[in-house]
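K.L.:
For reference, the file entry-v3.txt (compact mmCIF, C-alpha atoms) is included below:
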```txt
# COMPACT_ATOMS: atom_id res chain seq x y z
CA MET A 206 -3.93 -30.75 92.95
CA THR A 207 -7.18 -32.16 91.56
CA TYR A 208 -7.34 -35.95 91.52
CA ILE A 209 -9.70 -37.66 89.05
CA THR A 210 -10.26 -41.36 89.66
CA HIS A 211 -10.93 -43.95 86.96
CA GLU A 212 -14.49 -44.20 88.22
CA ALA A 213 -15.05 -40.44 87.92
CA LEU A 214 -13.60 -40.56 84.41
CA LEU A 215 -16.02 -43.30 83.34
CA ASP A 216 -18.97 -41.36 84.79
CA MET A 217 -18.21 -38.09 82.98
CA ASP A 218 -20.46 -36.50 80.36
CA SER A 219 -19.00 -37.72 77.06
CA ARG A 220 -18.32 -34.31 75.51
CA TYR A 221 -16.69 -33.04 78.72
CA ARG A 222 -14.54 -36.17 78.82
CA ALA A 223 -13.60 -35.79 75.14
CA ARG A 224 -12.23 -32.28 75.78
CA LEU A 225 -10.46 -33.37 78.96
CA ILE A 226 -8.82 -36.50 77.53
CA ASN A 227 -7.84 -34.65 74.34
CA SER A 228 -5.86 -32.22 76.53
CA LEU A 229 -3.79 -34.90 78.27
CA SER A 230 -1.28 -35.89 75.59
CA GLY A 231 0.12 -32.33 75.51
CA TYR A 232 0.70 -30.19 72.44
CA LYS A 233 -0.25 -31.69 69.10
CA SER A 234 0.95 -31.14 65.57
CA ALA A 235 -1.46 -29.32 63.23
CA ASN A 236 -1.35 -30.57 59.65
CA LEU A 237 -3.57 -30.56 56.60
CA ILE A 238 -3.67 -33.83 54.67
CA GLY A 239 -4.34 -33.47 50.95
CA SER A 240 -5.61 -36.34 48.81
CA ILE A 241 -7.38 -37.00 45.51
CA ASN A 242 -9.55 -39.81 44.19
CA GLU A 243 -9.35 -41.55 40.83
CA GLN A 244 -11.97 -39.16 39.45
CA GLY A 245 -9.79 -36.16 40.30
CA GLN A 246 -11.88 -34.92 43.26
CA THR A 247 -9.52 -33.44 45.85
CA ASN A 248 -9.94 -33.61 49.61
CA LEU A 249 -8.33 -31.64 52.41
CA ALA A 250 -8.69 -32.30 56.14
CA ILE A 251 -6.95 -31.15 59.30
CA PHE A 252 -5.31 -33.74 61.56
CA SER A 253 -3.73 -33.26 64.98
CA SER A 254 -2.32 -36.80 65.21
CA VAL A 255 0.54 -36.73 62.70
CA ILE A 256 3.71 -38.10 64.35
CA HIS A 257 7.29 -38.83 63.41
CA LEU A 258 8.01 -42.56 63.19
CA GLY A 259 11.56 -42.77 61.91
CA ALA A 260 14.14 -41.11 59.69
CA SER A 261 15.57 -44.14 57.91
CA PRO A 262 13.33 -45.00 56.17
CA ALA A 263 11.57 -41.64 56.52
CA LEU A 264 8.21 -42.64 58.00
CA VAL A 265 5.31 -40.60 59.29
CA GLY A 266 2.07 -41.81 60.87
CA PHE A 267 -1.36 -40.48 61.78
CA ILE A 268 -4.57 -41.74 63.36
CA MET A 269 -7.81 -41.89 61.43
CA ARG A 270 -11.39 -42.34 62.59
CA PRO A 271 -13.06 -44.07 59.62
CA SER A 272 -16.57 -43.11 60.72
CA SER A 273 -15.91 -39.37 60.80
CA VAL A 274 -15.37 -36.64 58.22
CA GLU A 275 -11.99 -38.25 57.68
CA ARG A 276 -13.52 -41.06 55.61
CA HIS A 277 -13.04 -39.24 52.27
CA THR A 278 -9.33 -38.89 53.03
CA LEU A 279 -9.13 -42.59 53.85
CA GLU A 280 -10.89 -43.69 50.67
CA ASN A 281 -8.63 -41.48 48.55
CA ILE A 282 -5.47 -42.79 50.19
CA GLN A 283 -6.61 -46.37 49.74
CA GLN A 284 -7.30 -45.72 46.04
CA THR A 285 -4.16 -43.82 45.08
CA LYS A 286 -1.66 -44.64 47.89
CA GLN A 287 -0.62 -40.98 47.72
CA TYR A 288 -1.20 -38.04 50.04
CA THR A 289 0.47 -34.84 51.16
CA ILE A 290 1.07 -33.49 54.67
CA ASN A 291 1.15 -29.71 55.02
CA GLN A 292 2.11 -27.89 58.23
CA VAL A 293 -0.54 -25.39 59.33
CA GLY A 294 0.84 -21.84 59.58
CA LYS A 295 -0.18 -18.65 61.31
CA HIS A 296 -1.62 -17.11 58.13
CA PHE A 297 -4.29 -19.78 57.56
CA TRP A 298 -4.97 -21.67 60.80
CA GLN A 299 -8.68 -20.68 60.87
CA ALA A 300 -9.15 -21.91 57.30
CA ALA A 301 -7.34 -25.13 58.25
CA HIS A 302 -9.73 -25.66 61.20
CA GLN A 303 -12.72 -25.10 58.90
CA THR A 304 -11.73 -28.19 56.84
CA SER A 305 -13.04 -30.28 59.75
CA ALA A 306 -16.62 -29.33 58.80
CA ARG A 307 -18.63 -32.19 57.31
CA TYR A 308 -18.56 -31.23 53.62
CA GLU A 309 -20.11 -33.47 50.98
CA ARG A 310 -17.87 -35.72 48.91
CA ASN A 311 -18.32 -33.56 45.78
CA GLU A 312 -17.55 -30.34 47.64
CA CYS A 313 -13.97 -29.08 47.40
CA GLU A 314 -12.56 -28.15 50.81
CA PHE A 315 -9.81 -26.06 49.18
CA GLU A 316 -12.44 -23.84 47.59
CA LYS A 317 -14.81 -23.84 50.57
CA VAL A 318 -12.19 -22.71 53.07
CA GLY A 319 -10.18 -20.47 50.74
CA LEU A 320 -6.94 -22.42 50.35
CA THR A 321 -5.11 -23.21 47.10
CA ALA A 322 -4.37 -26.66 45.68
CA GLN A 323 -0.84 -26.99 44.31
CA PHE A 324 0.39 -29.91 42.22
CA ILE A 325 3.91 -31.04 41.41
CA ASP A 326 4.91 -33.07 38.38
CA ASN A 327 5.42 -36.57 39.68
CA ARG A 328 2.81 -36.73 42.47
CA SER A 329 -0.96 -36.91 42.16
CA ALA A 330 -2.09 -35.58 45.55
CA PRO A 331 -2.59 -31.83 46.07
CA PHE A 332 -0.37 -29.75 48.33
CA VAL A 333 -1.57 -26.64 50.15
CA LYS A 334 0.11 -23.72 48.38
CA GLU A 335 -0.12 -21.53 51.51
CA SER A 336 1.85 -24.04 53.64
CA GLN A 337 5.56 -23.26 54.05
CA LEU A 338 6.59 -26.84 54.89
CA LYS A 339 4.94 -29.81 53.17
CA TYR A 340 5.78 -33.20 51.75
CA ALA A 341 4.43 -36.01 49.60
CA VAL A 342 3.81 -39.36 51.27
CA THR A 343 3.32 -42.85 49.84
CA LEU A 344 1.12 -45.23 51.85
CA LYS A 345 3.10 -48.15 53.33
CA GLU A 346 0.80 -49.77 55.89
CA ILE A 347 -2.55 -49.39 57.66
CA LEU A 348 -2.55 -50.81 61.20
CA PRO A 349 -6.03 -51.30 62.67
CA ILE A 350 -6.38 -50.41 66.36
CA ALA A 351 -9.12 -52.79 67.46
CA LEU A 352 -9.48 -51.16 70.90
CA ASN A 353 -11.38 -48.20 69.46
CA GLU A 354 -11.77 -48.99 65.77
CA THR A 355 -9.32 -46.38 64.59
CA LEU A 356 -6.57 -46.84 62.02
CA PHE A 357 -2.90 -45.99 62.23
CA ILE A 358 -1.86 -44.89 58.73
CA ILE A 359 1.86 -45.16 58.00
CA GLY A 360 3.56 -43.67 54.95
CA GLU A 361 7.00 -42.96 53.55
CA ILE A 362 8.05 -39.35 52.94
CA THR A 363 9.21 -38.76 49.38
CA ASP A 364 9.32 -35.14 48.14
CA ILE A 365 9.76 -32.23 50.59
CA ILE A 366 8.92 -28.61 49.80
CA CYS A 367 10.15 -26.06 52.31
CA GLU A 368 10.62 -22.32 52.61
CA GLU A 369 14.26 -21.42 51.95
CA ASN A 370 16.62 -20.32 54.74
CA VAL A 371 14.89 -22.24 57.55
CA ILE A 372 16.86 -25.48 57.17
CA GLN A 373 19.75 -25.12 59.60
CA PRO A 374 23.33 -26.31 58.88
CA ASP A 375 22.74 -29.52 60.83
CA GLY A 376 19.39 -30.38 59.18
CA TYR A 377 17.04 -29.02 61.88
CA ILE A 378 14.17 -27.03 60.38
CA ASP A 379 13.23 -23.88 62.31
CA ILE A 380 9.46 -24.41 62.18
CA GLU A 381 8.97 -21.58 64.67
CA SER A 382 10.30 -19.04 62.17
CA LEU A 383 7.86 -20.54 59.62
CA GLY A 384 4.97 -19.64 61.93
CA THR A 385 3.90 -23.27 62.26
CA VAL A 386 1.09 -23.55 64.82
CA THR A 387 0.49 -26.20 67.46
CA ALA A 388 -2.85 -27.42 68.82
CA SER A 389 -4.12 -28.44 72.24
CA GLY A 390 -7.35 -30.18 73.12
CA LEU A 391 -9.91 -30.31 70.33
CA ASP A 392 -9.93 -26.68 69.23
CA SER A 393 -7.12 -24.52 70.65
CA TYR A 394 -4.30 -23.18 68.47
CA HIS A 395 -1.02 -21.70 69.65
CA LEU A 396 2.14 -20.05 68.37
CA THR A 397 5.45 -20.84 70.05
CA HIS A 398 8.59 -19.19 71.32
CA ARG A 399 11.75 -21.22 71.65
CA LEU A 400 13.26 -21.87 75.06
CA SER A 401 16.39 -23.37 73.48
CA ARG A 402 17.82 -26.28 71.59
CA LEU A 403 19.75 -28.62 73.89
CA SER A 404 22.86 -30.69 73.26
CA TYR A 405 22.65 -34.49 73.08
CA ALA A 406 22.24 -35.79 76.65
CA LYS A 407 25.07 -37.86 78.18
CA PRO A 408 25.11 -39.43 81.66
CA SER A 409 28.34 -37.76 82.76
CA THR A 410 27.73 -34.17 81.67
CA SER A 411 25.02 -31.53 81.82
CA THR A 412 23.27 -30.57 78.61
CA ILE A 413 24.26 -27.29 77.03
CA GLU A 414 21.88 -24.77 75.46
CA LEU A 415 22.37 -24.42 71.70
CA ASN A 416 21.25 -21.67 69.37
CA VAL A 417 18.78 -22.42 66.58
CA ALA A 418 21.66 -23.38 64.26
CA GLY A 419 22.71 -26.09 66.70
CA SER A 420 25.86 -24.32 67.93
CA THR A 421 26.76 -23.41 71.51
CA GLN A 422 25.44 -19.98 72.40
CA HIS A 423 28.89 -18.44 72.50
CA GLY A 424 30.43 -20.73 69.87
CA MET B 1192 10.90 -22.66 48.05
CA THR B 1193 13.48 -25.42 48.47
CA TYR B 1194 12.53 -28.72 46.84
CA ILE B 1195 14.09 -31.93 48.18
CA THR B 1196 13.57 -35.00 45.99
CA HIS B 1197 13.26 -38.56 47.26
CA GLU B 1198 16.68 -39.30 45.75
CA ALA B 1199 18.29 -36.38 47.62
CA LEU B 1200 16.64 -37.58 50.82
CA LEU B 1201 18.05 -41.08 50.45
CA ASP B 1202 21.53 -39.69 49.76
CA MET B 1203 21.66 -37.45 52.85
CA ASP B 1204 24.08 -37.89 55.73
CA SER B 1205 22.12 -39.93 58.29
CA ARG B 1206 22.37 -37.46 61.18
CA TYR B 1207 21.42 -34.52 58.98
CA ARG B 1208 18.43 -36.51 57.67
CA ALA B 1209 17.40 -37.51 61.21
CA ARG B 1210 17.19 -33.83 62.24
CA LEU B 1211 15.40 -32.86 59.04
CA ILE B 1212 12.82 -35.66 59.09
CA ASN B 1213 12.21 -35.17 62.83
CA SER B 1214 11.18 -31.57 62.04
CA LEU B 1215 8.54 -32.49 59.47
CA SER B 1216 5.68 -33.75 61.62
CA GLY B 1217 5.37 -30.33 63.32
CA TYR B 1218 5.25 -29.66 67.04
CA LYS B 1219 5.49 -32.67 69.34
CA SER B 1220 4.26 -33.36 72.83
CA ALA B 1221 6.94 -33.54 75.55
CA ASN B 1222 6.22 -36.10 78.25
CA LEU B 1223 8.12 -38.08 80.85
CA ILE B 1224 7.11 -41.72 81.16
CA GLY B 1225 7.60 -43.22 84.61
CA SER B 1226 7.81 -46.97 85.22
CA ILE B 1227 9.07 -49.47 87.78
CA ASN B 1228 10.22 -53.09 87.61
CA GLU B 1229 9.27 -55.96 89.91
CA GLN B 1230 12.39 -55.29 92.00
CA GLY B 1231 11.25 -51.73 92.67
CA GLN B 1232 13.81 -50.02 90.41
CA THR B 1233 12.19 -46.94 88.87
CA ASN B 1234 12.80 -45.59 85.38
CA LEU B 1235 12.06 -42.22 83.82
CA ALA B 1236 12.46 -41.27 80.15
CA ILE B 1237 11.36 -38.41 77.93
CA PHE B 1238 9.18 -39.14 74.88
CA SER B 1239 8.06 -36.79 72.12
CA SER B 1240 5.69 -39.30 70.49
CA VAL B 1241 2.80 -39.48 72.97
CA ILE B 1242 -0.50 -39.01 71.11
CA HIS B 1243 -4.19 -38.96 71.90
CA LEU B 1244 -6.00 -42.03 70.54
CA GLY B 1245 -9.53 -41.70 71.83
CA ALA B 1246 -11.64 -40.49 74.73
CA SER B 1247 -14.03 -43.42 75.11
CA PRO B 1248 -12.27 -45.56 76.14
CA ALA B 1249 -9.58 -43.07 77.18
CA LEU B 1250 -6.58 -44.28 75.19
CA VAL B 1251 -3.11 -42.85 74.70
CA GLY B 1252 -0.27 -44.15 72.54
CA PHE B 1253 3.45 -43.64 72.05
CA ILE B 1254 6.23 -44.99 69.86
CA MET B 1255 9.14 -46.90 71.31
CA ARG B 1256 12.52 -47.83 69.84
CA PRO B 1257 13.37 -51.09 71.64
CA SER B 1258 17.08 -50.88 70.86
CA SER B 1259 17.57 -47.44 72.43
CA VAL B 1260 17.68 -46.06 75.97
CA GLU B 1261 13.94 -46.65 75.98
CA ARG B 1262 14.43 -50.40 76.54
CA HIS B 1263 14.28 -50.14 80.34
CA THR B 1264 10.91 -48.43 80.08
CA LEU B 1265 9.67 -51.17 77.74
CA GLU B 1266 10.81 -53.99 80.02
CA ASN B 1267 9.16 -52.36 83.03
CA ILE B 1268 5.88 -51.83 81.20
CA GLN B 1269 5.87 -55.41 79.97
CA GLN B 1270 6.46 -56.64 83.54
CA THR B 1271 3.98 -54.52 85.44
CA LYS B 1272 1.52 -53.27 82.74
CA GLN B 1273 1.60 -49.92 84.54
CA TYR B 1274 3.19 -46.58 83.69
CA THR B 1275 2.63 -42.88 84.17
CA ILE B 1276 2.71 -40.04 81.64
CA ASN B 1277 3.77 -36.63 82.97
CA GLN B 1278 3.62 -33.41 80.93
CA VAL B 1279 6.96 -31.59 80.82
CA GLY B 1280 6.71 -28.05 82.22
CA LYS B 1281 8.75 -24.89 81.97
CA HIS B 1282 10.36 -25.39 85.39
CA PHE B 1283 12.07 -28.71 84.58
CA TRP B 1284 12.39 -29.11 80.80
CA GLN B 1285 16.22 -29.32 80.91
CA ALA B 1286 16.05 -32.06 83.57
CA ALA B 1287 13.44 -33.85 81.44
CA HIS B 1288 15.77 -33.75 78.41
CA GLN B 1289 18.62 -35.13 80.50
CA THR B 1290 16.63 -38.38 81.09
CA SER B 1291 17.45 -39.29 77.48
CA ALA B 1292 21.07 -39.95 78.50
CA ARG B 1293 22.04 -43.62 78.48
CA TYR B 1294 22.01 -44.37 82.22
CA GLU B 1295 22.63 -47.88 83.54
CA ARG B 1296 19.69 -50.02 84.58
CA ASN B 1297 20.53 -49.67 88.28
CA GLU B 1298 20.88 -45.89 88.07
CA CYS B 1299 17.84 -43.87 89.07
CA GLU B 1300 17.00 -41.18 86.49
CA PHE B 1301 14.89 -39.30 89.04
CA GLU B 1302 17.95 -38.87 91.25
CA LYS B 1303 20.41 -38.29 88.40
CA VAL B 1304 18.42 -35.44 86.81
CA GLY B 1305 17.00 -33.96 90.03
CA LEU B 1306 13.32 -34.84 89.75
CA THR B 1307 11.12 -36.37 92.46
CA ALA B 1308 9.28 -39.71 92.29
CA GLN B 1309 5.72 -39.53 93.63
CA PHE B 1310 3.54 -42.56 94.34
CA ILE B 1311 -0.23 -42.85 94.82
CA ASP B 1312 -1.97 -45.60 96.74
CA ASN B 1313 -3.39 -47.85 94.10
CA ARG B 1314 -0.77 -47.55 91.33
CA SER B 1315 2.75 -48.95 91.28
CA ALA B 1316 4.45 -46.68 88.73
CA PRO B 1317 6.09 -43.42 89.84
CA PHE B 1318 4.74 -40.01 88.85
CA VAL B 1319 6.93 -36.92 88.48
CA LYS B 1320 6.08 -34.71 91.44
CA GLU B 1321 7.17 -31.56 89.55
CA SER B 1322 4.68 -32.18 86.70
CA GLN B 1323 1.41 -30.25 86.92
CA LEU B 1324 -0.57 -32.63 84.70
CA LYS B 1325 0.00 -36.39 84.83
CA TYR B 1326 -1.90 -39.66 84.71
CA ALA B 1327 -1.60 -43.37 85.35
CA VAL B 1328 -1.89 -45.69 82.36
CA THR B 1329 -2.55 -49.43 82.09
CA LEU B 1330 -1.01 -51.23 79.11
CA LYS B 1331 -3.65 -52.51 76.65
CA GLU B 1332 -1.76 -53.47 73.49
CA ILE B 1333 1.65 -53.38 71.85
CA LEU B 1334 1.47 -53.06 68.03
CA PRO B 1335 4.75 -53.86 66.26
CA ILE B 1336 5.59 -51.61 63.30
CA ALA B 1337 7.59 -53.98 61.11
CA LEU B 1338 8.64 -51.22 58.68
CA ASN B 1339 11.25 -49.88 61.12
CA GLU B 1340 11.11 -52.27 64.06
CA THR B 1341 9.48 -49.82 66.43
CA LEU B 1342 6.55 -50.51 68.73
CA PHE B 1343 3.31 -48.59 69.16
CA ILE B 1344 2.41 -48.86 72.85
CA ILE B 1345 -1.27 -48.30 73.66
CA GLY B 1346 -2.67 -47.84 77.16
CA GLU B 1347 -5.82 -46.82 78.96
CA ILE B 1348 -5.79 -43.70 81.13
CA THR B 1349 -6.97 -44.40 84.69
CA ASP B 1350 -6.10 -41.81 87.36
CA ILE B 1351 -5.48 -38.15 86.45
CA ILE B 1352 -3.65 -35.66 88.67
CA CYS B 1353 -3.91 -32.03 87.59
CA GLU B 1354 -3.23 -28.57 88.97
CA GLU B 1355 -6.45 -27.01 90.21
CA ASN B 1356 -8.19 -24.18 88.34
CA VAL B 1357 -6.92 -25.10 84.86
CA ILE B 1358 -9.79 -27.46 83.94
CA GLN B 1359 -12.27 -25.23 82.10
CA PRO B 1360 -16.08 -25.52 82.49
CA ASP B 1361 -16.34 -27.59 79.29
CA GLY B 1362 -13.53 -30.01 80.18
CA TYR B 1363 -10.69 -28.39 78.18
CA ILE B 1364 -7.47 -28.19 80.18
CA ASP B 1365 -5.50 -24.96 79.75
CA ILE B 1366 -2.08 -26.58 79.37
CA GLU B 1367 -0.60 -23.22 78.32
CA SER B 1368 -1.29 -21.76 81.76
CA LEU B 1369 0.40 -24.85 83.24
CA GLY B 1370 3.59 -23.95 81.35
CA THR B 1371 3.56 -27.22 79.41
CA VAL B 1372 6.32 -27.17 76.80
CA THR B 1373 6.29 -28.49 73.24
CA ALA B 1374 9.20 -29.91 71.26
CA SER B 1375 10.36 -29.68 67.65
CA GLY B 1376 12.97 -31.75 65.89
CA LEU B 1377 15.19 -33.81 68.16
CA ASP B 1378 16.22 -31.21 70.71
CA SER B 1379 14.27 -27.92 70.56
CA TYR B 1380 11.83 -26.89 73.30
CA HIS B 1381 9.22 -24.15 73.11
CA LEU B 1382 6.62 -22.35 75.18
CA THR B 1383 3.35 -21.31 73.55
CA HIS B 1384 0.94 -18.44 73.36
CA ARG B 1385 -2.65 -19.07 72.40
CA LEU B 1386 -4.06 -17.70 69.15
CA SER B 1387 -7.59 -18.75 70.14
CA ARG B 1388 -9.92 -21.62 70.68
CA LEU B 1389 -12.32 -22.06 67.74
CA SER B 1390 -15.94 -23.17 67.63
CA TYR B 1391 -16.87 -26.57 66.15
CA ALA B 1392 -16.63 -26.24 62.35
CA LYS B 1393 -19.83 -26.51 60.28
CA PRO B 1394 -20.09 -26.34 56.47
CA SER B 1395 -22.59 -23.48 56.42
CA THR B 1396 -21.03 -21.06 58.90
CA SER B 1397 -17.65 -19.57 59.71
CA THR B 1398 -15.92 -20.67 62.89
CA ILE B 1399 -15.99 -18.23 65.80
CA GLU B 1400 -13.11 -17.47 68.14
CA LEU B 1401 -13.72 -18.66 71.70
CA ASN B 1402 -11.99 -17.66 74.90
CA VAL B 1403 -10.07 -20.22 76.93
CA ALA B 1404 -13.24 -21.19 78.80
CA GLY B 1405 -14.90 -22.13 75.50
CA SER B 1406 -17.28 -19.12 75.39
CA THR B 1407 -17.59 -16.56 72.64
CA GLN B 1408 -15.23 -13.65 73.21
CA HIS B 1409 -18.05 -11.28 74.05
CA GLY B 1410 -20.33 -13.92 75.60
```
Taking this structure as input, can you express it in the form of structure tokens?
P.N.:
Amino acid sequence: MTYITHEALLDMDSRYRARLINSLSGYKSANLIGSINEQGQTNLAIFSSVIHLGASPALVGFIMRPSSVERHTLENIQQTKQYTINQVGKHFWQAAHQTSARYERNECEFEKVGLTAQFIDNRSAPFVKESQLKYAVTLKEILPIALNETLFIIGEITDIICEENVIQPDGYIDIESLGTVTASGLDSYHLTHRLSRLSYAKPSTSTIELNVAGSTQHG
Amino acid sequence: MTYITHEALLDMDSRYRARLINSLSGYKSANLIGSINEQGQTNLAIFSSVIHLGASPALVGFIMRPSSVERHTLENIQQTKQYTINQVGKHFWQAAHQTSARYERNECEFEKVGLTAQFIDNRSAPFVKESQLKYAVTLKEILPIALNETLFIIGEITDIICEENVIQPDGYIDIESLGTVTASGLDSYHLTHRLSRLSYAKPSTSTIELNVAGSTQHG
């Protein structure tokens, strides 16, 4: 095994360290966040930091670097309190990555990367039409992380739009069958294949492998 | 497409909603967090909320539910300020899942699930010997999320232990070749296969596919 000390870490070239440290957390979610400002200018940006926070209330969070290309997204969310989160799928992952380019404020990422803005009646922010699992979010709280001047953006999930037939009888959504991609490091994208679902763990018994519908394999 | 309104979401059976909402963020990291209390009792628990926060300083975060089985981990981290994060691999993902069972404080999860505690000289918290990519973390900040009474635990990465030959020339770690697994929903585990790495996105040019070493495919 290779052993990297804290001292070696601090001495590393900054771009090398960025790629290394970005690989440590494991696989990341890949999502496009859609927003709009009060003038009707849309924005779309890829994020690999979206995480589940809780189901009741239904909360989702993500990390934002205010000094980066993400600043247009931040300004829009602060103005309107509305945004959408759209899972990145296997048919448009390269276009999704391209949204991380530093476009001007008046340039439309949807148009530039070849994705389609989709609007629903009661929500202002644009969805990504090509995404097979997406939802509208209302801003609830912005927690500043002073340690590195990032922001933790927390919102409540309101409307969900999902491909039919992938929601299982117990509520689990088969995102693998949707072709949802996962990311690693700063720039690597991956498809998945399921090992198994597992039964709820209890101290006294071994877990059992479940099929995608949440039933025992032979049940 | 299926459309789920906010009203329908609020009316759902709570376990069904938990599985549904847990599927929305996309793929999750799968990590074991190792800790120890001042009496030398170790603890090991699986988390699917570990996320990258920044490379300089090297920060990593995760979400904790203080009322759950995660409370032993929290108490240990508060006592010692030290913990380890260990990527879950394809050879022990079922054992990793089993750590989520509600064991007593004096029961050793390592022993119960069949994993091996590993210690290094200058750090108190136990690593998982079976993990091929793991690191020691020092607690920096605990941010309370009042909206659902969870905690966002932030730490600085110090020592990294990694399988040889998977760190690429540019710093990217090939976690796919390590057999690192990813999770979806509450209980599904997946292996991956790489679509590609992509070049840094610029407004004026298309991104280029890179090989795992970060070079152009024909370069």
K.L.:
List the spatial neighbours of A:Gly319 as a ChimeraX atom specification - criterion: any atom at most 12 Å away, only C-alpha atoms, same-chain residues fewer than 5 positions off excluded.
P.N.:
/A:249,296-304,313-314,333-335 /B:1397
K.L.:
May I have the residues within 12 Å of A:Leu279 as a count of residues only, using only C-alpha atoms and disregarding those fewer than 5 positions away in the same chain?
P.N.:
27
K.L.:
Do a neighbour search on stretch 1364-1375 of chain B at 6 Å with all atoms listed in the file, toss out local chain neighbours closer than 6 positions, and write the hits as a VMD selection string.
P.N.:
(chain A and resid 228 232) or (chain B and resid 1214 1218 to 1221 1279 to 1281 1357 to 1358 1381 to 1382)
K.L.:
Just the number, please: distance in Å from atom CA of A:Gln244 to atom CA of A:Asn311, one decimal.
P.N.:
10.6 Å
K.L.:
B:Cys1353, B:Ala1404, B:Ile1345, B:Ala1337: which is nearest chain A, counting all atoms listed in the file?
P.N.:
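Of B:Cys1353, B:Ala1404, B:Ile1345, B:Ala1337, the one nearest chain A is B:Cys1353, counting all atoms listed in the file.
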K.L.:
Could you check the closest approach to A:Leu415 for each of B:Ser1379, B:Ser1387, B:Gln1232, B:Ser1322 and tell me which residue wins, using all atoms listed in the file?
P.N.:
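With all atoms listed in the file as the atom set, the closest residue is B:Ser1379.
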K.L.:
Counting all atoms listed in the file, which of B:Glu1295, B:Asp1361, B:Glu1347, B:Asp1378 gets nearest to B:Val1251?
P.N.:
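Selected residue with least distance to B:Val1251: B:Glu1347.
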K.L.:
Taking 4 positions as the minimum chain separation for residues in the same chain, which residues sit within 10 Å of B:Leu1215 when counting only C-alpha atoms? Answer as a list in words.
P.N.:
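Result of the neighbour search: Ser234, Val255, Ile256, His257, Val265, Ile290, Asn291, Gln292, Leu338, Lys339, Tyr340, Ile362, Ile365, Cys367, Tyr377, Ile378 and Ile380 of chain A; Arg1210, Leu1211, Ser1375 and Gly1376 of chain B.
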K.L.:
Hey, which of B:Thr1329, B:Thr1383, B:Gln1269, B:Gln1323 ends up closest to chain A? Count only C-alpha atoms.
P.N.:
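So, comparing all the options, the nearest one is B:Thr1383.
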K.L.:
Would you please work out which residue, of B:Leu1386, B:Ile1311, B:Ala1316, B:Glu1332, is nearest to A:Tyr208 when using all atoms listed in the file?
P.N.:
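Distance minimum relative to A:Tyr208 lands on B:Ile1311.
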K.L.:
Quick one: pull the distance between atom CA of B:Ser1390 and atom CA of A:Asn236, Å, one decimal.
P.N.:
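Computing it gives 18.2 Å between the two atoms.
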K.L.:
Can you measure atom CA of B:Glu1266 to atom CA of B:Gly1245 for me? One decimal in Å is fine.
P.N.:
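These atoms are spaced 25.1 Å apart.
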K.L.:
Kindly list the centre and edge lengths in Å, rounded to one decimal, for the axis-aligned box that covers all listed atoms of stretch 290-309 of chain A plus 3 Å on each of its six sides, as lines of an AutoDock Vina configuration file.
P.N.:
```
center_x = -9.0
center_y = -25.3
center_z = 56.1
size_x = 28.2
size_y = 22.4
size_z = 16.3
```
K.L.:
Could you check the closest approach to A:Phe332 for each of A:Thr247, A:Ser409, A:Ser254, A:Gln373 and tell me which residue wins, using all atoms listed in the file?
P.N.:
A:Thr247
K.L.:
Env of A:Thr207: 8 Å cut, atoms = all atoms listed in the file, seq-sep filter 2 positions within chain, self excluded. Answer as number ranges by chain.
P.N.:
A: 209; B: 1352-1355
K.L.:
Write the residues you've just listed into a file as a PDB file, in the frame of the given file, and include C-alpha atoms for each of them.
P.N.:
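As a result, out.pdb now contains:
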```pdb
ATOM      1  CA  ILE A 209      -9.700 -37.660  89.050  1.00  0.00           C
TER       2      ILE A 209
ATOM      3  CA  ILE B1352      -3.650 -35.660  88.670  1.00  0.00           C
ATOM      4  CA  CYS B1353      -3.910 -32.030  87.590  1.00  0.00           C
ATOM      5  CA  GLU B1354      -3.230 -28.570  88.970  1.00  0.00           C
ATOM      6  CA  GLU B1355      -6.450 -27.010  90.210  1.00  0.00           C
TER       7      GLU B1355
END
```
